[in-house]
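Visitor: Encoded as structure tokens, here's the structure I'll be asking about.
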Amino acid sequence: MENATDYIAKVYKKVEQRDPNQVEFLQAVKEFFDTIEPVIARHPKLIEENILERIVEPERIFQFRVPWTDDQGNVQVNRAFRVQFSSAIGPYKGGLRFHPSVNQSIVKFLGFEQIFKNSLTGLPIGGGKGGSDFNPKGKSDFEVMRFCQSFMTELQKYIGPDVDVPAGDIGVGGREIGYLFGQYKKLNGFGAGVLTGKPIPMGGSLARTEATGYGLVYFTDEMLKDAGKSFAGEKVVVSGSGNVAIYAIEKVHQLGGTVIACSDSNGYILDLDGIKVDTVKRLKEVERKRISEYVTEHPTATYVEGSVWELEEEFQIALPSATQNEISGATAEKLVKQGVYAVAEGANMPSDLDAIKVYQTNKVLYGPAKAANAGGVAVSALEMSQNSIRLSWTFEEVDSRLKDIMTDIYVQCRDVAKEYGAEGDFVTGANIAGFLKVSEAMLSQGVL
Ligand code: NDP
């Protein structure tokens with residue numbers, strides 16, 4: 001039988017040959033494959049049963065047309081996807097992204113990472129992801145509603161509480177989930193368990209809105225504590241100003257850190273006294289305005305066009321929470337020079353492979369996305385539990401479970417990394433810990 005290194009290289013080559021243009025997907029697979037040699041070497045059955053080649057191939061992918069009518073009466077057509085990646089440990093679970101950049105590569109990279117993230121939560125959920133190249137920005141509520149209705153008219157054929165349970169992601173928040181749920185209900189009757197991130201009156205969970213951002217900070221706090229550090233007194237930069245970023249900022253401030261900057265896709269705001277999160281919440285969640293508006297209310301803050309990672313101030317902790325590949329190797333080098341000693345990812349794959357190398361070379365504490373941002377899907381799974389037992393837990397109860405789950409994820413990453421000879425490398429820890437459970441389930445289910 002071939003050795004682990006040759007087996008991993010062979011499978012990666014095949015993935016590359018099959019989908020040479022899916023750059024984001026290949027990046028996610030490479031990051032994963034770069035870390036799992038020790039586990040493959042220790043368990044020859046994984047090679048015998050060709051687990052890697054099976055795990056990188058989605059169980060199925062749907063692509064569909066979404067026609068809808070804009071406010072001027074023009075018929076518009078978008079393209080949509082749902083990738084049902086792995087049901088080894090539970091029904092497919094993962095968000096929907098509405099953003100013009102969405103394509104099959106992006107949905108596959110997100111779905112692939114979701115498999116291991118969901119496994120790390122310790123909850124029985126498989127991996128999936130979906131979305132559309134629809135851009136909700138600048139659309140009226142009625143346009144978003146008509147799009148969501150058309151999208152769900154097709155998607156509802158493939159999902160269900162025990163089959164596939166979508167949630168939100170970039171461009172899909174409470175408003176979109178409400179419309180999607182309404183259309184599902186019209187076609188199938190009330191089925192609370194079919195979507196998560198629902199508004200509270202229709203079976204949503206308290207603390208789901210906060211979960212990814214809060215969870216990110218809980219994870220980071222554990223990582224800092226083990227290194228003898230804490231958020232107290234530290235300057236923090238958070239990219240993005242959406243769902244994840246807002247609640248990360250809120251929790252950092254509760255733990256005594258100061259978030260000095262956050263951003264949107266046009267530019268960033270710098271407020272050395274600390275970002276006023278209530279202003280950001282209102283601007284983004286209620287008024288749906290650009291982050292540049294912040295400075296009209298807080299004139300001592302400044303707005304700068306461009307990426308937030310271009311700022312020159314010194315700070316210690318970076319929480320990228322906008323999108324994939326926002327931090328390159330060169331940017332990571334710059335962050336280290338600015339004093340950054342910890343990076344934890346709210347967004348999925350915000351650091352490219354070169355940036356990860358820079359963190360590792362410079363001993364930056366690094367919490368990879370599939371561990372650090374798992375709080376959202378964890379509370380989504382808690383929402384599914386509440387829907388099943390027809391009970392609602394209090395905010396404090398859900399938040400406390402979230403904190404326990406994030407602590408447990410951190411401990412798994414730390415301990416598994418150590419067990420496999422990579423102490424302090426939480427990428428290896430997260431990948432191996434997530435993979436062990438999924439691969440064990442796959443082996444016990446036979447060749448499927
Ligand atoms: P939102 O749509 O609420 O916010 C996204 C934020 O990121 C906005 O400020 C947006 O700016 C910015 N952004 C999006 N695309 C780009 C881009 N190409 N360049 C620069 N900025 C960009 O999304 P979420 O907060 O939900 O998601 C943010 C990240 O967190 C994503 O990577 C997502 O996959 C990940 N994530 C989200 C979870 C959740 O529960 N929501 C769970 C786990 C991970 P603008 O408004 O200008 O577009």
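Going by the structure tokens order, chains are called A, B, ..., each with residues numbered from 1, while ligands are numbered from 1 in the order shown.
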Give the residues close to ligand 1, within 8 Å, counting only C-alpha atoms and all ligand atoms; write them as a PyMOL selection string.
Guide: chain A and resi 95+97+99+101+110+137+167-173+208-209+211-213+239-246+263-266+284+290+307+321-324+326+346-350+369+373-377
Visitor: Neighbouring residues of region 334-344 of chain A were defined as those with any atom within 7 Å, considering only C-alpha atoms; residues of the same chain fewer than 3 positions away were excluded. Please report them as number ranges by chain.
Guide: A: 220, 314-319, 330-331, 364-368, 372
Visitor: Atoms to include: N, CA, C and O atoms. Write the selected residues as a tab-separated table (two decimals), in the first residue's frame.
Guide:
```tsv
chain	number	residue	atom	x	y	z
A	220	THR	N	-11.37	32.94	20.91
A	220	THR	CA	-10.12	33.72	20.98
A	220	THR	C	-9.70	33.92	22.43
A	220	THR	O	-8.51	33.83	22.77
A	314	GLU	N	-0.89	50.74	15.43
A	314	GLU	CA	-0.49	49.50	16.09
A	314	GLU	C	-1.71	48.87	16.73
A	314	GLU	O	-2.58	49.58	17.26
A	315	PHE	N	-1.83	47.58	16.66
A	315	PHE	CA	-2.87	46.87	17.41
A	315	PHE	C	-2.39	45.45	17.64
A	315	PHE	O	-1.34	45.04	17.12
A	316	GLN	N	-3.13	44.69	18.46
A	316	GLN	CA	-2.60	43.39	18.90
A	316	GLN	C	-3.39	42.19	18.37
A	316	GLN	O	-2.84	41.11	18.21
A	317	ILE	N	-4.70	42.38	18.16
A	317	ILE	CA	-5.52	41.21	17.81
A	317	ILE	C	-6.33	41.53	16.55
A	317	ILE	O	-6.98	42.59	16.47
A	318	ALA	N	-6.29	40.63	15.57
A	318	ALA	CA	-7.04	40.81	14.32
A	318	ALA	C	-8.15	39.76	14.23
A	318	ALA	O	-7.88	38.57	14.41
A	319	LEU	N	-9.37	40.23	13.95
A	319	LEU	CA	-10.50	39.31	13.80
A	319	LEU	C	-11.11	39.51	12.41
A	319	LEU	O	-12.10	40.24	12.25
A	330	ALA	N	1.65	39.11	2.22
A	330	ALA	CA	2.25	40.43	2.44
A	330	ALA	C	1.48	41.19	3.52
A	330	ALA	O	2.08	41.86	4.38
A	331	THR	N	0.17	41.08	3.49
A	331	THR	CA	-0.63	41.76	4.52
A	331	THR	C	-0.33	41.17	5.89
A	331	THR	O	-0.19	41.90	6.89
A	364	VAL	N	2.39	33.54	15.60
A	364	VAL	CA	1.15	34.26	15.88
A	364	VAL	C	0.11	33.24	16.36
A	364	VAL	O	-0.01	32.16	15.75
A	365	LEU	N	-0.61	33.54	17.42
A	365	LEU	CA	-1.70	32.65	17.85
A	365	LEU	C	-2.76	32.72	16.75
A	365	LEU	O	-3.23	33.81	16.42
A	366	TYR	N	-3.12	31.57	16.21
A	366	TYR	CA	-3.99	31.60	15.02
A	366	TYR	C	-5.17	30.64	15.18
A	366	TYR	O	-4.97	29.42	15.25
A	367	GLY	N	-6.36	31.20	15.23
A	367	GLY	CA	-7.59	30.40	15.32
A	367	GLY	C	-8.24	30.32	13.95
A	367	GLY	O	-8.81	31.31	13.47
A	368	PRO	N	-8.15	29.16	13.26
A	368	PRO	CA	-8.70	29.06	11.91
A	368	PRO	C	-10.23	29.06	11.92
A	368	PRO	O	-10.86	28.65	12.90
A	372	ALA	N	-12.89	28.69	14.87
A	372	ALA	CA	-13.21	29.94	15.55
A	372	ALA	C	-14.59	30.49	15.22
A	372	ALA	O	-15.19	31.20	16.04
```
Visitor: Skip region 413-429 of chain A itself and residues of its chain fewer than 3 positions away, then list as JSON, numbers by chain all residues within 8 Å of it, counting only C-alpha atoms.
Guide: {"A": [35, 36, 38, 39, 360, 365, 366, 367, 368, 371, 409, 410, 432, 433]}
Visitor: Limited to C-alpha atoms, could you put the picked residues into a file as a compact mmCIF listing (two decimals), in the first residue's frame?
Guide:
```
# COMPACT_ATOMS: atom_id res chain seq x y z
CA THR A 35 -2.25 19.02 7.84
CA ILE A 36 -3.65 15.51 7.86
CA PRO A 38 -0.14 12.21 10.60
CA VAL A 39 -3.70 10.92 10.89
CA GLN A 360 3.16 30.06 11.74
CA LEU A 365 -1.70 32.65 17.85
CA TYR A 366 -3.99 31.60 15.02
CA GLY A 367 -7.59 30.40 15.32
CA PRO A 368 -8.70 29.06 11.91
CA ALA A 371 -12.94 26.26 14.66
CA ILE A 409 -13.70 23.29 20.31
CA TYR A 410 -10.62 25.18 21.47
CA ILE A 432 -7.69 16.42 12.41
CA ALA A 433 -10.28 16.67 15.22
```
Visitor: Could you please write out, as a VMD selection string, every residue of region 123-335 of chain A that DSSP assigns to helix (DSSP H, G or I)?
Guide: chain A and resid 141 to 155 174 to 188 192 to 194 200 to 202 208 to 226 243 to 254 277 to 286 291 to 297 308 to 310 329 to 335
Visitor: Kindly indicate which residue among A:Asp19, A:Asp71, A:Glu312, A:Asp408 lies nearest to Ala430 (chain A), using only C-alpha atoms for the distances.
Guide: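 Distance minimum relative to Ala430 (chain A) lands on A:Asp408.
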Visitor: Could you tell me which of A:Phe32, A:Phe62, A:Tyr359, A:Phe190 comes closest to Lys157 (chain A) if we count only C-alpha atoms?
Guide: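 Nearest to Lys157 (chain A): A:Phe62.
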Visitor: Using only C-alpha atoms, which of the listed residues (A:His253, A:Lys229, A:Lys437, A:Lys93) sits closest to Gly126 (chain A)?
Guide: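 Result for the nearest residue to Gly126 (chain A): A:Lys93.
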Visitor: Can you work out which one of A:Ile269, A:Pro124, A:Thr196, A:Ile249 has the shortest atom-to-atom distance to Leu311 (chain A), counting only C-alpha atoms?
Guide: A:Ile269
Visitor: Identify, with DSSP run on backbone atoms, the residues in region 104-233 of chain A assigned to strand (DSSP E), and express the list as a VMD selection string.
Guide: chain A and resid 126 to 132 164 to 167
Visitor: Output the selection as a PDB file, in the first residue's frame - C-alpha atoms for each residue.
Guide:
```
ATOM      1  CA  GLY A 126     -23.380  17.115   8.181  1.00  0.00           C
ATOM      2  CA  GLY A 127     -21.920  19.674   5.783  1.00  0.00           C
ATOM      3  CA  GLY A 128     -23.623  21.720   3.083  1.00  0.00           C
ATOM      4  CA  LYS A 129     -23.717  25.226   1.649  1.00  0.00           C
ATOM      5  CA  GLY A 130     -25.601  27.179  -0.967  1.00  0.00           C
ATOM      6  CA  GLY A 131     -26.296  30.557  -2.417  1.00  0.00           C
ATOM      7  CA  SER A 132     -26.784  32.704  -5.443  1.00  0.00           C
ATOM      8  CA  ASP A 164     -30.812  19.568   4.703  1.00  0.00           C
ATOM      9  CA  VAL A 165     -31.246  22.644   6.881  1.00  0.00           C
ATOM     10  CA  PRO A 166     -29.939  25.927   5.378  1.00  0.00           C
ATOM     11  CA  ALA A 167     -29.233  29.137   7.321  1.00  0.00           C
TER      12      ALA A 167
END
```
Visitor: With distances taken over only C-alpha atoms, which residue among A:Gln84, A:Asn431, A:Gln149, A:Thr394 lies nearest Glu176 (chain A)?
Guide: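 Residue with the minimum atom-to-atom distance to Glu176 (chain A): A:Gln149.
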Visitor: Please report the interatomic distance between CA of Lys13 (chain A) and CA of Ala80 (chain A) in Å with one decimal.
Guide: 28.1 Å
